[in-house]
Amino acid sequence: MNTYTHTYTVTCQDMNKDYRLSPAAVLLYFQESFARYMSCLHLAAFDLVKERKMWIITEMGAEMLPVDTFWGDDIEVTIWVSEITPLRVYADYRVTNADTGVLIAKGTSCWNLMNADTRKLESTDCVAPKITVLPEMMTESHKKVRFPKEGEALKQVKHTVNQLDLDFNGHVNNRSYISIAMLTVPDEFLTTHRTNRFIIHWLHETYLGETLTCTLRQVAENTYVHLVTRADGDTAAEIFSVWEPLASKVDVSDVAKRR
């Protein structure tokens with residue numbers, strides 16, 4: 001298997017305030033597709049747990065095109081592996097409209113294998129022979145992106161981790177960090193701008209009841225770093241986001257007609 005493609009139907013929960021596909025939804029469908037792809041190769045979480053290993057994602061980036069994607073539309077997520085190193089598996093992807101083929105989003109990600117008992121990284125040697133690597137389809141450089149450190153702190157909020165933030169492993173869901181980080185973005189900005197690029201680094205796990213501090217820093221025009229830190233000072237996650245003003249607003253009546 002060289003690439004894997006799965007079709008999803010966009011739900012109303014995937015829409016942002018302007019009826020466009022949200023960054024959290026792109027992350028959701030991408031991670032779901034990675035899990036399905038690994039399942040086909042017998043390398044899914046439930047396969048690896050027998051060997052006391054688990055997948056962890058440490059970085060993911062997305063370029064989101066200014067394409068209207070409506071509730072009920074079918075989208076195709078295609079995923080492939082473009083590089084494997086001794087400790088990392090890089091999976092690239094694209095999201096397209098299933099009917100028109102129009103590109104909605106694309107990007108790359110970095111995955112590691114972790115020992116479930118020691119919590120230390122494992123070699124990729126056990127999975128590499130089962131995965132077809134397509135270096136010619138690499139969407140962008142896999143060199144780790146370093147986020148700017150400068151920039152004024154515009155806003156800071158605290159968030160106590162609740163049950164809705166958790167995944168089946170009992171720690172904060174990867175997608176929840178996007179929602180938590182966006183608590184620092186003013187509502188008026190969210191209604192007049194869209195995210196056209198974001199990169200996420202996941203650095204430390206957090207659990208139920210922990211208090212997270214979310215800090216928003218502006219590093220350039222319409223460019224921000226969202227820093228999520230734990231009470232002990234360690235960074236749980238950081239998000240780099242680039243925004244652009246909305247060219248036009250979606251006509252709500254058009255959305256209704258499509259239903």
# chains A, B, ... in the order shown; residues from 1 in each chain; ligands from 1
$ residues_around --residues "Met138 in chain A" --least-positions-apart "3" --cutoff "9 Å" --atoms "only C-alpha atoms" --output "PyMOL selection string"
chain A and resi 81-83+91-92+108+134-135+141-142
$ write_last_selection --atoms "N, CA and C atoms" --output "PDB file, in the first residue's frame"
ATOM      1  N   VAL A  81       3.452   8.022   3.862  1.00  0.00           N
ATOM      2  CA  VAL A  81       4.687   8.241   4.618  1.00  0.00           C
ATOM      3  C   VAL A  81       5.767   8.656   3.638  1.00  0.00           C
ATOM      4  N   SER A  82       6.408   9.798   3.907  1.00  0.00           N
ATOM      5  CA  SER A  82       7.418  10.309   2.980  1.00  0.00           C
ATOM      6  C   SER A  82       8.848  10.189   3.511  1.00  0.00           C
ATOM      7  N   GLU A  83       8.979   9.834   4.789  1.00  0.00           N
ATOM      8  CA  GLU A  83      10.329   9.645   5.339  1.00  0.00           C
ATOM      9  C   GLU A  83      10.248   8.860   6.641  1.00  0.00           C
ATOM     10  N   ALA A  91       4.490  11.487   8.229  1.00  0.00           N
ATOM     11  CA  ALA A  91       3.307  11.213   7.416  1.00  0.00           C
ATOM     12  C   ALA A  91       2.781  12.518   6.832  1.00  0.00           C
ATOM     13  N   ASP A  92       2.654  12.567   5.518  1.00  0.00           N
ATOM     14  CA  ASP A  92       2.106  13.733   4.831  1.00  0.00           C
ATOM     15  C   ASP A  92       0.667  13.444   4.434  1.00  0.00           C
ATOM     16  N   THR A 108       2.031  18.064   6.858  1.00  0.00           N
ATOM     17  CA  THR A 108       2.890  16.951   7.247  1.00  0.00           C
ATOM     18  C   THR A 108       2.824  16.777   8.764  1.00  0.00           C
ATOM     19  N   LEU A 134       7.451   7.133   0.424  1.00  0.00           N
ATOM     20  CA  LEU A 134       7.339   7.849  -0.847  1.00  0.00           C
ATOM     21  C   LEU A 134       8.029   9.213  -0.729  1.00  0.00           C
ATOM     22  N   PRO A 135       9.360   9.239  -0.772  1.00  0.00           N
ATOM     23  CA  PRO A 135      10.071  10.515  -0.607  1.00  0.00           C
ATOM     24  C   PRO A 135       9.751  11.520  -1.696  1.00  0.00           C
ATOM     25  N   SER A 141       9.677  20.430   3.823  1.00  0.00           N
ATOM     26  CA  SER A 141      10.826  19.977   4.607  1.00  0.00           C
ATOM     27  C   SER A 141      10.369  19.425   5.960  1.00  0.00           C
ATOM     28  N   HIS A 142      11.048  18.390   6.415  1.00  0.00           N
ATOM     29  CA  HIS A 142      10.733  17.799   7.710  1.00  0.00           C
ATOM     30  C   HIS A 142      11.644  18.344   8.815  1.00  0.00           C
TER      31      HIS A 142
END
$ residues_around --residues "Thr229 in chain A" --least-positions-apart "6" --cutoff "7 Å" --atoms "only C-alpha atoms" --output "list of chain:residue names"
A:Leu212, A:Thr213, A:Cys214, A:Thr235, A:Ala236
$ write_last_selection --atoms "N, CA and C atoms" --output "short mmCIF file (atom, residue, chain, number, x, y, z; two decimals), in the first residue's frame"
data_model
loop_
_atom_site.label_atom_id
_atom_site.label_comp_id
_atom_site.auth_asym_id
_atom_site.auth_seq_id
_atom_site.Cartn_x
_atom_site.Cartn_y
_atom_site.Cartn_z
N LEU A 212 -3.78 24.81 33.19
CA LEU A 212 -2.93 25.22 32.07
C LEU A 212 -3.03 26.73 31.89
N THR A 213 -1.90 27.36 31.64
CA THR A 213 -1.87 28.79 31.34
C THR A 213 -1.65 28.98 29.85
N CYS A 214 -2.55 29.70 29.22
CA CYS A 214 -2.49 29.91 27.77
C CYS A 214 -2.09 31.36 27.51
N THR A 235 6.28 23.44 29.05
CA THR A 235 5.36 23.72 27.95
C THR A 235 4.66 22.44 27.54
N ALA A 236 3.33 22.45 27.60
CA ALA A 236 2.55 21.29 27.17
C ALA A 236 2.41 21.26 25.65
#
$ select_by_dssp --residues "range 114-238 of chain A" --states "strand (DSSP E or B)" --output "PyMOL selection string"
chain A and resi 114-115+121-122+133+152-160+166+171-172+193-202+207+211-220+223-229+235-238
$ residues_around --residues "range 166-172 of chain A" --least-positions-apart "4" --cutoff "9 Å" --atoms "only C-alpha atoms" --output "PyMOL selection string"
chain A and resi 161-162+176-177+205-208
$ write_last_selection --atoms "N, CA and C atoms" --output "PDB file, in the first residue's frame"
ATOM      1  N   VAL A 161      -8.142  21.580  33.280  1.00  0.00           N
ATOM      2  CA  VAL A 161      -8.470  20.421  32.437  1.00  0.00           C
ATOM      3  C   VAL A 161      -9.689  19.698  32.999  1.00  0.00           C
ATOM      4  N   ASN A 162     -10.693  19.487  32.134  1.00  0.00           N
ATOM      5  CA  ASN A 162     -11.901  18.770  32.536  1.00  0.00           C
ATOM      6  C   ASN A 162     -12.059  17.506  31.709  1.00  0.00           C
ATOM      7  N   SER A 176      -7.736  19.063  21.667  1.00  0.00           N
ATOM      8  CA  SER A 176      -8.175  19.978  22.716  1.00  0.00           C
ATOM      9  C   SER A 176      -7.205  21.140  22.890  1.00  0.00           C
ATOM     10  N   TYR A 177      -5.927  20.902  22.595  1.00  0.00           N
ATOM     11  CA  TYR A 177      -4.963  21.988  22.751  1.00  0.00           C
ATOM     12  C   TYR A 177      -5.269  23.156  21.820  1.00  0.00           C
ATOM     13  N   GLU A 205       2.592  15.757  28.299  1.00  0.00           N
ATOM     14  CA  GLU A 205       1.213  15.350  28.571  1.00  0.00           C
ATOM     15  C   GLU A 205       0.651  16.133  29.758  1.00  0.00           C
ATOM     16  N   THR A 206      -0.663  16.322  29.748  1.00  0.00           N
ATOM     17  CA  THR A 206      -1.345  16.924  30.893  1.00  0.00           C
ATOM     18  C   THR A 206      -2.595  16.107  31.196  1.00  0.00           C
ATOM     19  N   TYR A 207      -3.065  16.223  32.441  1.00  0.00           N
ATOM     20  CA  TYR A 207      -4.101  15.318  32.919  1.00  0.00           C
ATOM     21  C   TYR A 207      -5.244  16.072  33.607  1.00  0.00           C
ATOM     22  N   LEU A 208      -6.272  15.318  33.926  1.00  0.00           N
ATOM     23  CA  LEU A 208      -7.473  15.860  34.557  1.00  0.00           C
ATOM     24  C   LEU A 208      -7.129  16.669  35.813  1.00  0.00           C
TER      25      LEU A 208
END
$ residues_around --residues "Asn16 in chain A" --least-positions-apart "6" --cutoff "10 Å" --atoms "only C-alpha atoms" --output "list in words"
Ser22, Pro23, Ala24, Ala25, Leu190, Thr191 and Arg194 of chain A
$ write_last_selection --atoms "N, CA and C atoms" --output "PDB file, in the first residue's frame"
ATOM      1  N   SER A  22     -13.006  23.845  10.398  1.00  0.00           N
ATOM      2  CA  SER A  22     -12.131  24.385  11.438  1.00  0.00           C
ATOM      3  C   SER A  22     -10.781  23.668  11.455  1.00  0.00           C
ATOM      4  N   PRO A  23      -9.729  24.325  11.985  1.00  0.00           N
ATOM      5  CA  PRO A  23      -8.425  23.653  12.118  1.00  0.00           C
ATOM      6  C   PRO A  23      -8.505  22.376  12.950  1.00  0.00           C
ATOM      7  N   ALA A  24      -9.316  22.388  14.016  1.00  0.00           N
ATOM      8  CA  ALA A  24      -9.445  21.185  14.855  1.00  0.00           C
ATOM      9  C   ALA A  24     -10.032  20.032  14.061  1.00  0.00           C
ATOM     10  N   ALA A  25     -10.942  20.320  13.117  1.00  0.00           N
ATOM     11  CA  ALA A  25     -11.536  19.265  12.295  1.00  0.00           C
ATOM     12  C   ALA A  25     -10.508  18.674  11.340  1.00  0.00           C
ATOM     13  N   LEU A 190     -11.854  36.347  15.628  1.00  0.00           N
ATOM     14  CA  LEU A 190     -12.270  35.059  15.077  1.00  0.00           C
ATOM     15  C   LEU A 190     -13.363  35.209  14.033  1.00  0.00           C
ATOM     16  N   THR A 191     -14.213  36.216  14.162  1.00  0.00           N
ATOM     17  CA  THR A 191     -15.321  36.394  13.220  1.00  0.00           C
ATOM     18  C   THR A 191     -14.913  37.133  11.956  1.00  0.00           C
ATOM     19  N   ARG A 194      -9.582  34.150   9.196  1.00  0.00           N
ATOM     20  CA  ARG A 194      -9.513  32.695   9.084  1.00  0.00           C
ATOM     21  C   ARG A 194      -8.056  32.256   9.229  1.00  0.00           C
TER      22      ARG A 194
END
$ residues_around --residues "Glu32 in chain A" --least-positions-apart "6" --cutoff "10 Å" --atoms "only C-alpha atoms" --output "list in words"
His6, Val26 and Val77 of chain A
$ residues_around --residues "range 45-51 of chain A" --least-positions-apart "3" --cutoff "9 Å" --atoms "only C-alpha atoms" --output "list of chain:residue names"
A:Ala35, A:Met38, A:Ser39, A:His42, A:Met54, A:Trp55, A:Asn115, A:Ala116
$ write_last_selection --atoms "N, CA and C atoms" --output "PDB file, in the first residue's frame"
ATOM      1  N   ALA A  35      -4.636   6.569  11.793  1.00  0.00           N
ATOM      2  CA  ALA A  35      -4.971   5.363  12.553  1.00  0.00           C
ATOM      3  C   ALA A  35      -5.498   4.274  11.625  1.00  0.00           C
ATOM      4  N   MET A  38      -2.545   2.847   9.533  1.00  0.00           N
ATOM      5  CA  MET A  38      -1.732   1.930  10.314  1.00  0.00           C
ATOM      6  C   MET A  38      -2.476   0.623  10.607  1.00  0.00           C
ATOM      7  N   SER A  39      -3.794   0.702  10.737  1.00  0.00           N
ATOM      8  CA  SER A  39      -4.598  -0.505  10.960  1.00  0.00           C
ATOM      9  C   SER A  39      -4.483  -1.449   9.772  1.00  0.00           C
ATOM     10  N   HIS A  42      -1.453  -3.386  10.015  1.00  0.00           N
ATOM     11  CA  HIS A  42      -1.353  -4.103  11.286  1.00  0.00           C
ATOM     12  C   HIS A  42      -0.344  -3.435  12.227  1.00  0.00           C
ATOM     13  N   MET A  54       3.479   2.320  21.684  1.00  0.00           N
ATOM     14  CA  MET A  54       2.363   3.176  21.324  1.00  0.00           C
ATOM     15  C   MET A  54       2.856   4.296  20.410  1.00  0.00           C
ATOM     16  N   TRP A  55       1.942   4.749  19.513  1.00  0.00           N
ATOM     17  CA  TRP A  55       2.243   5.885  18.660  1.00  0.00           C
ATOM     18  C   TRP A  55       2.038   7.179  19.434  1.00  0.00           C
ATOM     19  N   ASN A 115       7.740   3.518  24.296  1.00  0.00           N
ATOM     20  CA  ASN A 115       7.558   2.348  25.146  1.00  0.00           C
ATOM     21  C   ASN A 115       6.511   2.682  26.202  1.00  0.00           C
ATOM     22  N   ALA A 116       5.433   1.907  26.253  1.00  0.00           N
ATOM     23  CA  ALA A 116       4.319   2.199  27.148  1.00  0.00           C
ATOM     24  C   ALA A 116       4.696   2.102  28.617  1.00  0.00           C
TER      25      ALA A 116
END
$ select_by_dssp --residues "range 70-185 of chain A" --states "alpha helix (DSSP H)" --output "list in words"
Ser176, Tyr177, Ile178, Ser179, Ile180 and Ala181 of chain A
$ residues_around --residues "Lys144 in chain A" --least-positions-apart "5" --cutoff "10 Å" --atoms "only C-alpha atoms" --output "list in words"
Glu59, Cys110 and His201 of chain A
$ atom_distance --atom1 "CA of Phe240 in chain A" --atom2 "CA of Thr215 in chain A"
12.0 Å
$ closest_residue --among "A:Gly233, A:Pro86, A:Pro66, A:Pro245" --to "Asp125 in chain A" --atoms "only C-alpha atoms"
A:Pro86
$ closest_atom_pairs --of "range 38-152 of chain A" --to "range 195-198 of chain A" --cutoff "10 Å" --atoms "only C-alpha atoms" --output "tab-separated table"
residue	atom	partner	partner_atom	distance
A:Met60	CA	A:Phe198	CA	8.3
A:Gly61	CA	A:Phe198	CA	5.6
A:Ala62	CA	A:Phe198	CA	5.5
A:Glu63	CA	A:Arg197	CA	4.5
A:Met64	CA	A:Asn196	CA	4.7
A:Leu65	CA	A:Asn196	CA	6.4
A:Pro66	CA	A:Asn196	CA	7.4
A:Ala105	CA	A:Asn196	CA	9.1
A:Lys106	CA	A:Arg197	CA	9.8
A:Gly107	CA	A:Arg197	CA	9.4
$ closest_residue --among "A:Trp71, A:Trp243, A:Trp202, A:Trp111" --to "Tyr19 in chain A" --atoms "only C-alpha atoms"
A:Trp71
